file data-v2.pdb (PDB, C-alpha atoms, pLDDT in the B column)
ATOM      1  CA  MET A  11     -17.364  13.569 -16.337  1.00 76.00           C
ATOM      2  CA  HIS A  12     -15.580  15.126 -13.350  1.00 77.00           C
ATOM      3  CA  GLU A  13     -12.340  13.541 -14.502  1.00 83.00           C
ATOM      4  CA  LYS A  14     -12.741  15.033 -17.990  1.00 85.00           C
ATOM      5  CA  ALA A  15     -13.494  18.444 -16.500  1.00 85.00           C
ATOM      6  CA  LEU A  16     -10.416  18.076 -14.304  1.00 84.00           C
ATOM      7  CA  VAL A  17      -8.238  17.424 -17.362  1.00 85.00           C
ATOM      8  CA  VAL A  18      -9.621  20.524 -19.095  1.00 83.00           C
ATOM      9  CA  ASN A  19      -9.130  22.687 -16.005  1.00 82.00           C
ATOM     10  CA  LYS A  20      -5.558  21.412 -15.600  1.00 84.00           C
ATOM     11  CA  GLU A  21      -4.766  22.176 -19.249  1.00 85.00           C
ATOM     12  CA  ARG A  22      -6.132  25.692 -18.894  1.00 90.00           C
ATOM     13  CA  GLY A  23      -4.567  26.327 -15.492  1.00 88.00           C
ATOM     14  CA  ARG A  24      -7.917  26.893 -13.786  1.00 91.00           C
ATOM     15  CA  ARG A  25      -7.013  26.156 -10.179  1.00 92.00           C
ATOM     16  CA  GLU A  26     -10.438  27.033  -8.814  1.00 93.00           C
ATOM     17  CA  GLY A  27     -12.083  24.635 -11.261  1.00 94.00           C
ATOM     18  CA  MET A  28      -9.571  21.934 -10.376  1.00 94.00           C
ATOM     19  CA  ALA A  29     -10.411  22.304  -6.685  1.00 95.00           C
ATOM     20  CA  GLY A  30     -14.116  21.891  -7.463  1.00 95.00           C
ATOM     21  CA  ASN A  31     -13.405  18.842  -9.606  1.00 95.00           C
ATOM     22  CA  TYR A  32     -11.300  17.214  -6.895  1.00 95.00           C
ATOM     23  CA  CYS A  33     -14.008  17.923  -4.330  1.00 96.00           C
ATOM     24  CA  ASN A  34     -16.710  16.417  -6.550  1.00 95.00           C
ATOM     25  CA  LEU A  35     -14.556  13.361  -7.214  1.00 96.00           C
ATOM     26  CA  GLY A  36     -14.030  13.030  -3.457  1.00 96.00           C
ATOM     27  CA  ILE A  37     -17.781  13.038  -2.873  1.00 96.00           C
ATOM     28  CA  LEU A  38     -18.239  10.482  -5.672  1.00 96.00           C
ATOM     29  CA  TYR A  39     -15.587   8.135  -4.273  1.00 97.00           C
ATOM     30  CA  SER A  40     -16.943   8.553  -0.764  1.00 96.00           C
ATOM     31  CA  THR A  41     -20.426   7.622  -1.978  1.00 95.00           C
ATOM     32  CA  ARG A  42     -18.953   4.506  -3.566  1.00 96.00           C
ATOM     33  CA  GLY A  43     -17.200   3.627  -0.303  1.00 96.00           C
ATOM     34  CA  GLU A  44     -13.745   4.276  -1.766  1.00 97.00           C
ATOM     35  CA  LEU A  45     -12.653   6.275   1.253  1.00 98.00           C
ATOM     36  CA  ASP A  46      -8.908   6.316   0.544  1.00 98.00           C
ATOM     37  CA  ARG A  47      -9.476   7.772  -2.924  1.00 97.00           C
ATOM     38  CA  ALA A  48     -12.061  10.184  -1.538  1.00 97.00           C
ATOM     39  CA  GLU A  49      -9.620  11.367   1.109  1.00 98.00           C
ATOM     40  CA  GLU A  50      -6.928  11.901  -1.524  1.00 98.00           C
ATOM     41  CA  MET A  51      -9.274  13.994  -3.685  1.00 97.00           C
ATOM     42  CA  HIS A  52     -10.445  16.165  -0.784  1.00 97.00           C
ATOM     43  CA  GLU A  53      -6.853  16.728   0.331  1.00 98.00           C
ATOM     44  CA  LYS A  54      -5.909  17.850  -3.195  1.00 97.00           C
ATOM     45  CA  ALA A  55      -8.922  20.153  -3.290  1.00 97.00           C
ATOM     46  CA  LEU A  56      -8.072  21.511   0.152  1.00 98.00           C
ATOM     47  CA  ASP A  57      -4.467  22.244  -0.871  1.00 97.00           C
ATOM     48  CA  ILE A  58      -5.658  24.283  -3.830  1.00 97.00           C
ATOM     49  CA  GLU A  59      -8.343  26.085  -1.826  1.00 97.00           C
ATOM     50  CA  GLU A  60      -5.717  27.023   0.785  1.00 97.00           C
ATOM     51  CA  GLU A  61      -3.355  28.313  -1.935  1.00 97.00           C
ATOM     52  CA  LEU A  62      -6.184  30.427  -3.351  1.00 96.00           C
ATOM     53  CA  GLY A  63      -7.358  31.554   0.099  1.00 97.00           C
ATOM     54  CA  ARG A  64     -10.908  30.357  -0.617  1.00 97.00           C
ATOM     55  CA  LYS A  65     -12.376  29.820   2.832  1.00 97.00           C
ATOM     56  CA  GLU A  66     -15.697  28.433   1.606  1.00 97.00           C
ATOM     57  CA  GLY A  67     -13.947  25.684  -0.346  1.00 97.00           C
ATOM     58  CA  MET A  68     -11.651  24.998   2.592  1.00 98.00           C
ATOM     59  CA  ALA A  69     -14.640  24.647   4.941  1.00 98.00           C
ATOM     60  CA  SER A  70     -16.397  22.267   2.562  1.00 97.00           C
ATOM     61  CA  ASN A  71     -13.359  20.039   2.191  1.00 97.00           C
ATOM     62  CA  TYR A  72     -12.667  20.011   5.933  1.00 98.00           C
ATOM     63  CA  GLY A  73     -16.267  18.931   6.466  1.00 97.00           C
ATOM     64  CA  ASN A  74     -16.030  16.250   3.798  1.00 97.00           C
ATOM     65  CA  LEU A  75     -12.775  14.931   5.281  1.00 98.00           C
ATOM     66  CA  GLY A  76     -14.538  14.871   8.656  1.00 98.00           C
ATOM     67  CA  ASN A  77     -17.248  12.683   7.123  1.00 97.00           C
ATOM     68  CA  ILE A  78     -14.629  10.274   5.795  1.00 98.00           C
ATOM     69  CA  TYR A  79     -12.846  10.013   9.140  1.00 98.00           C
ATOM     70  CA  SER A  80     -16.145   9.625  10.976  1.00 97.00           C
ATOM     71  CA  THR A  81     -17.166   6.809   8.647  1.00 96.00           C
ATOM     72  CA  ARG A  82     -13.854   5.094   9.392  1.00 97.00           C
ATOM     73  CA  GLY A  83     -14.406   5.527  13.129  1.00 96.00           C
ATOM     74  CA  GLU A  84     -11.487   7.962  13.437  1.00 98.00           C
ATOM     75  CA  LEU A  85     -13.474  10.253  15.714  1.00 98.00           C
ATOM     76  CA  ASP A  86     -10.625  12.485  16.894  1.00 98.00           C
ATOM     77  CA  ARG A  87      -9.588  13.259  13.324  1.00 98.00           C
ATOM     78  CA  ALA A  88     -13.209  13.786  12.294  1.00 98.00           C
ATOM     79  CA  GLU A  89     -13.774  16.157  15.211  1.00 98.00           C
ATOM     80  CA  GLU A  90     -10.668  18.133  14.241  1.00 98.00           C
ATOM     81  CA  MET A  91     -11.907  18.524  10.654  1.00 98.00           C
ATOM     82  CA  TYR A  92     -15.426  19.535  11.719  1.00 98.00           C
ATOM     83  CA  GLU A  93     -13.979  22.097  14.150  1.00 98.00           C
ATOM     84  CA  LYS A  94     -11.805  23.603  11.400  1.00 98.00           C
ATOM     85  CA  ALA A  95     -14.815  23.776   9.096  1.00 98.00           C
ATOM     86  CA  LEU A  96     -16.889  25.316  11.888  1.00 98.00           C
ATOM     87  CA  VAL A  97     -14.409  28.160  12.413  1.00 98.00           C
ATOM     88  CA  LEU A  98     -14.435  29.025   8.714  1.00 98.00           C
ATOM     89  CA  ASN A  99     -18.209  28.693   8.386  1.00 98.00           C
ATOM     90  CA  LYS A 100     -18.646  31.061  11.347  1.00 98.00           C
ATOM     91  CA  GLU A 101     -16.356  33.613   9.684  1.00 98.00           C
ATOM     92  CA  LEU A 102     -18.363  33.314   6.468  1.00 97.00           C
ATOM     93  CA  ASP A 103     -21.753  33.112   8.229  1.00 97.00           C
ATOM     94  CA  ARG A 104     -22.583  29.990   6.193  1.00 97.00           C
ATOM     95  CA  LYS A 105     -25.630  28.654   8.001  1.00 97.00           C
ATOM     96  CA  GLU A 106     -25.851  25.413   6.058  1.00 96.00           C
ATOM     97  CA  GLY A 107     -22.203  24.613   6.706  1.00 97.00           C
ATOM     98  CA  LEU A 108     -22.586  25.514  10.379  1.00 97.00           C
ATOM     99  CA  ALA A 109     -25.675  23.335  10.737  1.00 97.00           C
ATOM    100  CA  ASN A 110     -23.912  20.381   9.086  1.00 97.00           C
ATOM    101  CA  ASN A 111     -20.831  20.843  11.279  1.00 97.00           C
ATOM    102  CA  TYR A 112     -22.874  21.097  14.485  1.00 98.00           C
ATOM    103  CA  GLY A 113     -24.901  18.029  13.539  1.00 97.00           C
ATOM    104  CA  ASN A 114     -21.837  15.970  12.696  1.00 97.00           C
ATOM    105  CA  LEU A 115     -20.071  17.029  15.909  1.00 98.00           C
ATOM    106  CA  GLY A 116     -23.205  15.996  17.787  1.00 97.00           C
ATOM    107  CA  ASN A 117     -22.976  12.547  16.210  1.00 96.00           C
ATOM    108  CA  ILE A 118     -19.358  12.212  17.314  1.00 97.00           C
ATOM    109  CA  TYR A 119     -20.197  13.207  20.888  1.00 97.00           C
ATOM    110  CA  ASN A 120     -23.146  10.812  20.891  1.00 96.00           C
ATOM    111  CA  THR A 121     -20.925   7.955  19.728  1.00 95.00           C
ATOM    112  CA  ARG A 122     -18.506   8.773  22.544  1.00 96.00           C
ATOM    113  CA  GLY A 123     -21.349   8.806  25.069  1.00 95.00           C
ATOM    114  CA  GLU A 124     -21.021  12.555  25.687  1.00 96.00           C
ATOM    115  CA  LEU A 125     -24.788  13.038  25.546  1.00 95.00           C
ATOM    116  CA  ASP A 126     -24.913  16.591  26.925  1.00 96.00           C
ATOM    117  CA  ARG A 127     -22.436  17.822  24.326  1.00 97.00           C
ATOM    118  CA  ALA A 128     -24.253  15.866  21.602  1.00 97.00           C
ATOM    119  CA  GLU A 129     -27.539  17.468  22.594  1.00 97.00           C
ATOM    120  CA  GLU A 130     -25.993  20.946  22.567  1.00 97.00           C
ATOM    121  CA  MET A 131     -24.601  20.472  19.055  1.00 98.00           C
ATOM    122  CA  HIS A 132     -27.803  18.948  17.686  1.00 97.00           C
ATOM    123  CA  GLU A 133     -29.886  21.771  19.144  1.00 98.00           C
ATOM    124  CA  LYS A 134     -27.658  24.335  17.399  1.00 98.00           C
ATOM    125  CA  ALA A 135     -28.017  22.434  14.126  1.00 98.00           C
ATOM    126  CA  LEU A 136     -31.789  22.211  14.551  1.00 97.00           C
ATOM    127  CA  VAL A 137     -32.179  25.965  15.082  1.00 98.00           C
ATOM    128  CA  LEU A 138     -30.163  26.722  11.947  1.00 98.00           C
ATOM    129  CA  TYR A 139     -32.033  24.224   9.772  1.00 97.00           C
ATOM    130  CA  LEU A 140     -35.351  25.671  10.950  1.00 97.00           C
ATOM    131  CA  GLU A 141     -34.126  29.216  10.241  1.00 97.00           C
ATOM    132  CA  MET A 142     -33.183  28.160   6.714  1.00 97.00           C
ATOM    133  CA  GLY A 143     -36.507  26.366   6.180  1.00 97.00           C
ATOM    134  CA  THR A 144     -34.743  23.047   5.565  1.00 96.00           C
ATOM    135  CA  GLN A 145     -37.461  20.924   7.167  1.00 96.00           C
ATOM    136  CA  HIS A 146     -36.152  17.511   6.066  1.00 96.00           C
ATOM    137  CA  MET A 147     -32.803  18.234   7.739  1.00 96.00           C
ATOM    138  CA  ALA A 148     -34.524  19.647  10.829  1.00 97.00           C
ATOM    139  CA  ASP A 149     -36.575  16.438  11.028  1.00 97.00           C
ATOM    140  CA  LYS A 150     -33.413  14.330  10.784  1.00 96.00           C
ATOM    141  CA  VAL A 151     -31.724  16.251  13.605  1.00 96.00           C
ATOM    142  CA  GLN A 152     -34.914  16.190  15.696  1.00 96.00           C
ATOM    143  CA  GLY A 153     -34.867  12.409  15.343  1.00 95.00           C
ATOM    144  CA  TRP A 154     -31.326  12.380  16.717  1.00 94.00           C
ATOM    145  CA  LEU A 155     -32.389  14.582  19.632  1.00 95.00           C
ATOM    146  CA  ASP A 156     -35.310  12.256  20.350  1.00 95.00           C
ATOM    147  CA  GLY A 157     -32.887   9.327  20.308  1.00 92.00           C
ATOM    148  CA  LEU A 158     -30.625  11.127  22.776  1.00 89.00           C
ATOM    149  CA  GLU A 159     -33.571  11.731  25.075  1.00 85.00           C
ATOM    150  CA  ASN A 160     -34.514   8.050  24.926  1.00 83.00           C
ATOM    151  CA  ASP A 161     -30.896   7.011  25.584  1.00 75.00           C
ATOM    152  CA  SER A 162     -30.701   9.407  28.519  1.00 67.00           C
ATOM    153  CA  GLU A 163     -33.992   8.142  29.976  1.00 69.00           C
ATOM    154  CA  ARG A 164     -32.831   4.532  29.572  1.00 60.00           C
ATOM    155  CA  GLU A 165     -29.543   5.338  31.358  1.00 66.00           C
ATOM    156  CA  ASP A 166     -31.439   7.086  34.175  1.00 62.00           C
ATOM    157  CA  MET A 167     -33.725   4.045  34.545  1.00 58.00           C
ATOM    158  CA  LYS A 168     -30.766   1.648  34.594  1.00 58.00           C
ATOM    159  CA  SER A 169     -29.008   3.782  37.197  1.00 56.00           C
ATOM    160  CA  SER A 170     -32.118   3.968  39.362  1.00 54.00           C
ATOM    161  CA  GLU A 171     -32.741   0.227  39.081  1.00 55.00           C
ATOM    162  CA  ALA A 172     -29.107  -0.558  39.882  1.00 51.00           C
ATOM    163  CA  ASN A 173     -29.279   1.564  43.021  1.00 51.00           C
ATOM    164  CA  GLU A 174     -32.333  -0.403  44.195  1.00 53.00           C
ATOM    165  CA  LEU A 175     -30.628  -3.755  43.711  1.00 49.00           C
ATOM    166  CA  GLY A 176     -28.414  -5.300  46.337  1.00 47.00           C
ATOM    167  CA  GLU A 177     -24.791  -6.043  45.527  1.00 46.00           C
ATOM    168  CA  SER A 178     -25.545  -9.684  44.677  1.00 39.00           C
ATOM    169  CA  ALA A 179     -28.393  -8.691  42.398  1.00 41.00           C
ATOM    170  CA  LYS A 180     -26.088  -6.205  40.661  1.00 41.00           C
ATOM    171  CA  ALA A 181     -23.599  -8.973  39.943  1.00 39.00           C
ATOM    172  CA  GLU A 182     -26.375 -11.134  38.460  1.00 42.00           C
ATOM    173  CA  ALA A 183     -27.650  -8.245  36.318  1.00 38.00           C
ATOM    174  CA  VAL A 184     -24.187  -7.705  34.877  1.00 40.00           C
ATOM    175  CA  THR A 185     -23.822 -11.340  33.824  1.00 35.00           C
ATOM    176  CA  ALA A 186     -27.370 -11.774  32.504  1.00 38.00           C
ATOM    177  CA  GLU A 187     -27.940 -12.054  28.758  1.00 38.00           C
ATOM    178  CA  PRO A 188     -28.845  -8.675  27.291  1.00 39.00           C
ATOM    179  CA  ASP A 189     -32.278  -8.199  25.770  1.00 41.00           C
ATOM    180  CA  PRO A 190     -31.710  -7.543  22.038  1.00 39.00           C
ATOM    181  CA  GLU A 191     -34.498  -4.944  22.115  1.00 43.00           C
ATOM    182  CA  GLU A 192     -32.574  -2.906  24.699  1.00 42.00           C
ATOM    183  CA  SER A 193     -29.127  -3.206  23.185  1.00 42.00           C
ATOM    184  CA  ASP A 194     -26.684  -0.438  24.010  1.00 43.00           C
ATOM    185  CA  GLU A 195     -24.739  -1.313  20.881  1.00 41.00           C
ATOM    186  CA  GLU A 196     -23.904   1.778  18.870  1.00 44.00           C
ATOM    187  CA  LYS A 197     -26.372   2.481  16.124  1.00 42.00           C
ATOM    188  CA  PRO A 198     -24.555   4.158  13.254  1.00 45.00           C
ATOM    189  CA  GLN A 199     -25.716   7.643  12.426  1.00 59.00           C
ATOM    190  CA  ASP A 200     -25.485   9.198   9.032  1.00 68.00           C
ATOM    191  CA  ASN A 201     -23.161  12.111   8.562  1.00 72.00           C
ATOM    192  CA  LEU A 202     -24.857  15.198   7.309  1.00 70.00           C
ATOM    193  CA  ASP A 203     -24.547  15.996   3.652  1.00 63.00           C
ATOM    194  CA  ALA A 204     -21.267  16.365   1.878  1.00 65.00           C
ATOM    195  CA  GLU A 205     -20.573  19.876   0.700  1.00 69.00           C
ATOM    196  CA  THR A 206     -19.476  20.948  -2.741  1.00 66.00           C
TER     197      THR A 206
END

call {"tool": "encode", "arguments": {"input": "data-v2.pdb", "output": "structure tokens"}}
result
Amino acid sequence: MHEKALVVNKERGRREGMAGNYCNLGILYSTRGELDRAEEMHEKALDIEEELGRKEGMASNYGNLGNIYSTRGELDRAEEMYEKALVLNKELDRKEGLANNYGNLGNIYNTRGELDRAEEMHEKALVLYLEMGTQHMADKVQGWLDGLENDSEREDMKSSEANELGESAKAEAVTAEPDPEESDEEKPQDNLDAET
């Protein structure tokens, strides 16, 4: 359907419609896990939005590209896209876009172990979602904040316990088998919604 609409918009020279079609196709391909195709569609949409000077469309596509890069584990590129989207969403006072950008940046910082920065971003997202009355999104972000608090408490406990151990006990603790229930392995976090 989006492809048919794209053909019609191309035939009629409707650049704005084409940008929307490319964006929607990007979201579709991303949902299917076809990240290369999704990236291509969002880049095409972004090019058109930039030509037209449509900041809202630019912000949406930057955010969607950030989601793709984050999914791939390309955190620096994802951060760059979310920051670009954030600047535009601030200019436009788009609360939903801001909340999504803050939440996604928080996930990146959490993945990197930058818990203070992650908490700061998630708290900003939470405030915006509550202001908008988007309770399900506020609940999702609150869950992330709760997870950060638990991670922080666990790190504090580990640090305190390590300080109490002698050097030989520390060496044993490092080589001991990890308890699967207390794994520090990264738990993937969902990116916040794609934007159309």

call {"tool": "closest_residue", "arguments": {"input": "data-v2.pdb", "among": "A:Gly73, A:Gly113, A:Gly123, A:Gly36", "to": "Gln152 of chain A", "atoms": "all atoms listed in the file"}}
result
A:Gly113

call {"tool": "resolve_selection", "arguments": {"input": "data-v2.pdb", "expression": "the PyMOL selection byres ((chain A and resi 23-31) around 9)", "output": "list of chain:residue names"}}
result
A:His12, A:Glu13, A:Ala15, A:Leu16, A:Val17, A:Val18, A:Asn19, A:Lys20, A:Glu21, A:Arg22, A:Tyr32, A:Cys33, A:Asn34, A:Leu35, A:Gly36, A:Met51, A:His52, A:Lys54, A:Ala55, A:Leu56, A:Asp57, A:Ile58, A:Glu59, A:Leu62, A:Arg64, A:Gly67, A:Thr206

call {"tool": "resolve_selection", "arguments": {"input": "data-v2.pdb", "expression": "the PyMOL selection byres ((chain A and resi 46) around 12)", "output": "ChimeraX atom specification"}}
result
/A:35-45,47-53,75,78-79,81-82

call {"tool": "residues_around", "arguments": {"input": "data-v2.pdb", "residues": "segment 95-100 of chain A", "least_positions_apart": "2", "cutoff": "7 Å", "atoms": "all atoms listed in the file", "output": "PyMOL selection string"}}
result
chain A and resi 65+69-70+72-73+91-93+102-104+107-108+111

call {"tool": "closest_residue", "arguments": {"input": "data-v2.pdb", "among": "A:Ala128, A:Ala109, A:Met142, A:Leu85", "to": "Leu158 of chain A", "atoms": "only C-alpha atoms"}}
result
A:Ala128

call {"tool": "resolve_selection", "arguments": {"input": "data-v2.pdb", "expression": "the PyMOL selection byres ((chain A and resi 119) around 12)", "output": "NGL selection string"}}
result
:A and (80 or 85-86 or 88-89 or 112-118 or 120-132 or 154 or 158 or 199)

call {"tool": "write_last_selection", "arguments": {"input": "data-v2.pdb", "atoms": "C-alpha atoms", "output": "PDB file, in the frame of the given file"}}
result
ATOM      1  CA  SER A  80     -16.145   9.625  10.976  1.00 97.00           C
ATOM      2  CA  LEU A  85     -13.474  10.253  15.714  1.00 98.00           C
ATOM      3  CA  ASP A  86     -10.625  12.485  16.894  1.00 98.00           C
ATOM      4  CA  ALA A  88     -13.209  13.786  12.294  1.00 98.00           C
ATOM      5  CA  GLU A  89     -13.774  16.157  15.211  1.00 98.00           C
ATOM      6  CA  TYR A 112     -22.874  21.097  14.485  1.00 98.00           C
ATOM      7  CA  GLY A 113     -24.901  18.029  13.539  1.00 97.00           C
ATOM      8  CA  ASN A 114     -21.837  15.970  12.696  1.00 97.00           C
ATOM      9  CA  LEU A 115     -20.071  17.029  15.909  1.00 98.00           C
ATOM     10  CA  GLY A 116     -23.205  15.996  17.787  1.00 97.00           C
ATOM     11  CA  ASN A 117     -22.976  12.547  16.210  1.00 96.00           C
ATOM     12  CA  ILE A 118     -19.358  12.212  17.314  1.00 97.00           C
ATOM     13  CA  ASN A 120     -23.146  10.812  20.891  1.00 96.00           C
ATOM     14  CA  THR A 121     -20.925   7.955  19.728  1.00 95.00           C
ATOM     15  CA  ARG A 122     -18.506   8.773  22.544  1.00 96.00           C
ATOM     16  CA  GLY A 123     -21.349   8.806  25.069  1.00 95.00           C
ATOM     17  CA  GLU A 124     -21.021  12.555  25.687  1.00 96.00           C
ATOM     18  CA  LEU A 125     -24.788  13.038  25.546  1.00 95.00           C
ATOM     19  CA  ASP A 126     -24.913  16.591  26.925  1.00 96.00           C
ATOM     20  CA  ARG A 127     -22.436  17.822  24.326  1.00 97.00           C
ATOM     21  CA  ALA A 128     -24.253  15.866  21.602  1.00 97.00           C
ATOM     22  CA  GLU A 129     -27.539  17.468  22.594  1.00 97.00           C
ATOM     23  CA  GLU A 130     -25.993  20.946  22.567  1.00 97.00           C
ATOM     24  CA  MET A 131     -24.601  20.472  19.055  1.00 98.00           C
ATOM     25  CA  HIS A 132     -27.803  18.948  17.686  1.00 97.00           C
ATOM     26  CA  TRP A 154     -31.326  12.380  16.717  1.00 94.00           C
ATOM     27  CA  LEU A 158     -30.625  11.127  22.776  1.00 89.00           C
ATOM     28  CA  GLN A 199     -25.716   7.643  12.426  1.00 59.00           C
TER      29      GLN A 199
END

call {"tool": "atom_distance", "arguments": {"input": "data-v2.pdb", "atom1": "atom CA of Glu141 of chain A", "atom2": "atom CA of Lys105 of chain A"}}
result
8.8 Å

call {"tool": "atom_distance", "arguments": {"input": "data-v2.pdb", "atom1": "atom CA of Glu159 of chain A", "atom2": "atom CA of Glu106 of chain A"}}
result
24.7 Å

call {"tool": "atom_distance", "arguments": {"input": "data-v2.pdb", "atom1": "atom CA of Leu138 of chain A", "atom2": "atom CA of Arg87 of chain A"}}
result
24.6 Å

call {"tool": "build_atoms", "arguments": {"input": "data-v2.pdb", "residues": "segment 91-113 of chain A", "atoms": "N, CA and C atoms", "output": "PDB file, in the coordinates of the input"}}
result
ATOM      1  N   MET A  91     -11.489  17.981  11.953  1.00 98.00           N
ATOM      2  CA  MET A  91     -11.907  18.524  10.654  1.00 98.00           C
ATOM      3  C   MET A  91     -13.192  19.340  10.794  1.00 98.00           C
ATOM      4  N   TYR A  92     -14.164  18.804  11.540  1.00 98.00           N
ATOM      5  CA  TYR A  92     -15.426  19.535  11.719  1.00 98.00           C
ATOM      6  C   TYR A  92     -15.193  20.850  12.454  1.00 98.00           C
ATOM      7  N   GLU A  93     -14.281  20.858  13.415  1.00 98.00           N
ATOM      8  CA  GLU A  93     -13.979  22.097  14.150  1.00 98.00           C
ATOM      9  C   GLU A  93     -13.334  23.129  13.221  1.00 98.00           C
ATOM     10  N   LYS A  94     -12.427  22.682  12.355  1.00 98.00           N
ATOM     11  CA  LYS A  94     -11.805  23.603  11.400  1.00 98.00           C
ATOM     12  C   LYS A  94     -12.849  24.176  10.448  1.00 98.00           C
ATOM     13  N   ALA A  95     -13.746  23.314   9.982  1.00 98.00           N
ATOM     14  CA  ALA A  95     -14.815  23.776   9.096  1.00 98.00           C
ATOM     15  C   ALA A  95     -15.727  24.755   9.825  1.00 98.00           C
ATOM     16  N   LEU A  96     -16.004  24.468  11.082  1.00 98.00           N
ATOM     17  CA  LEU A  96     -16.889  25.316  11.888  1.00 98.00           C
ATOM     18  C   LEU A  96     -16.329  26.727  12.018  1.00 98.00           C
ATOM     19  N   VAL A  97     -15.051  26.837  12.280  1.00 98.00           N
ATOM     20  CA  VAL A  97     -14.409  28.160  12.413  1.00 98.00           C
ATOM     21  C   VAL A  97     -14.590  28.962  11.125  1.00 98.00           C
ATOM     22  N   LEU A  98     -14.319  28.324  10.002  1.00 98.00           N
ATOM     23  CA  LEU A  98     -14.435  29.025   8.714  1.00 98.00           C
ATOM     24  C   LEU A  98     -15.890  29.362   8.391  1.00 98.00           C
ATOM     25  N   ASN A  99     -16.799  28.433   8.662  1.00 98.00           N
ATOM     26  CA  ASN A  99     -18.209  28.693   8.386  1.00 98.00           C
ATOM     27  C   ASN A  99     -18.759  29.814   9.267  1.00 98.00           C
ATOM     28  N   LYS A 100     -18.250  29.936  10.491  1.00 98.00           N
ATOM     29  CA  LYS A 100     -18.646  31.061  11.347  1.00 98.00           C
ATOM     30  C   LYS A 100     -18.166  32.374  10.747  1.00 98.00           C
ATOM     31  N   GLU A 101     -16.909  32.396  10.310  1.00 98.00           N
ATOM     32  CA  GLU A 101     -16.356  33.613   9.684  1.00 98.00           C
ATOM     33  C   GLU A 101     -17.174  34.031   8.471  1.00 98.00           C
ATOM     34  N   LEU A 102     -17.628  33.043   7.706  1.00 97.00           N
ATOM     35  CA  LEU A 102     -18.363  33.314   6.468  1.00 97.00           C
ATOM     36  C   LEU A 102     -19.868  33.428   6.683  1.00 97.00           C
ATOM     37  N   ASP A 103     -20.325  33.127   7.898  1.00 97.00           N
ATOM     38  CA  ASP A 103     -21.753  33.112   8.229  1.00 97.00           C
ATOM     39  C   ASP A 103     -22.523  32.186   7.279  1.00 97.00           C
ATOM     40  N   ARG A 104     -21.954  31.021   7.042  1.00 97.00           N
ATOM     41  CA  ARG A 104     -22.583  29.990   6.193  1.00 97.00           C
ATOM     42  C   ARG A 104     -23.438  29.092   7.059  1.00 97.00           C
ATOM     43  N   LYS A 105     -24.726  29.384   7.108  1.00 97.00           N
ATOM     44  CA  LYS A 105     -25.630  28.654   8.001  1.00 97.00           C
ATOM     45  C   LYS A 105     -25.704  27.170   7.679  1.00 97.00           C
ATOM     46  N   GLU A 106     -25.763  26.829   6.406  1.00 96.00           N
ATOM     47  CA  GLU A 106     -25.851  25.413   6.058  1.00 96.00           C
ATOM     48  C   GLU A 106     -24.600  24.659   6.508  1.00 96.00           C
ATOM     49  N   GLY A 107     -23.445  25.241   6.263  1.00 97.00           N
ATOM     50  CA  GLY A 107     -22.203  24.613   6.706  1.00 97.00           C
ATOM     51  C   GLY A 107     -22.142  24.489   8.215  1.00 97.00           C
ATOM     52  N   LEU A 108     -22.561  25.555   8.910  1.00 97.00           N
ATOM     53  CA  LEU A 108     -22.586  25.514  10.379  1.00 97.00           C
ATOM     54  C   LEU A 108     -23.508  24.408  10.879  1.00 97.00           C
ATOM     55  N   ALA A 109     -24.707  24.345  10.306  1.00 97.00           N
ATOM     56  CA  ALA A 109     -25.675  23.335  10.737  1.00 97.00           C
ATOM     57  C   ALA A 109     -25.117  21.926  10.523  1.00 97.00           C
ATOM     58  N   ASN A 110     -24.512  21.693   9.356  1.00 97.00           N
ATOM     59  CA  ASN A 110     -23.912  20.381   9.086  1.00 97.00           C
ATOM     60  C   ASN A 110     -22.801  20.069  10.084  1.00 97.00           C
ATOM     61  N   ASN A 111     -21.942  21.059  10.343  1.00 97.00           N
ATOM     62  CA  ASN A 111     -20.831  20.843  11.279  1.00 97.00           C
ATOM     63  C   ASN A 111     -21.344  20.550  12.685  1.00 97.00           C
ATOM     64  N   TYR A 112     -22.310  21.339  13.152  1.00 98.00           N
ATOM     65  CA  TYR A 112     -22.874  21.097  14.485  1.00 98.00           C
ATOM     66  C   TYR A 112     -23.508  19.706  14.560  1.00 98.00           C
ATOM     67  N   GLY A 113     -24.261  19.343  13.537  1.00 97.00           N
ATOM     68  CA  GLY A 113     -24.901  18.029  13.539  1.00 97.00           C
ATOM     69  C   GLY A 113     -23.897  16.892  13.560  1.00 97.00           C
TER      70      GLY A 113
END
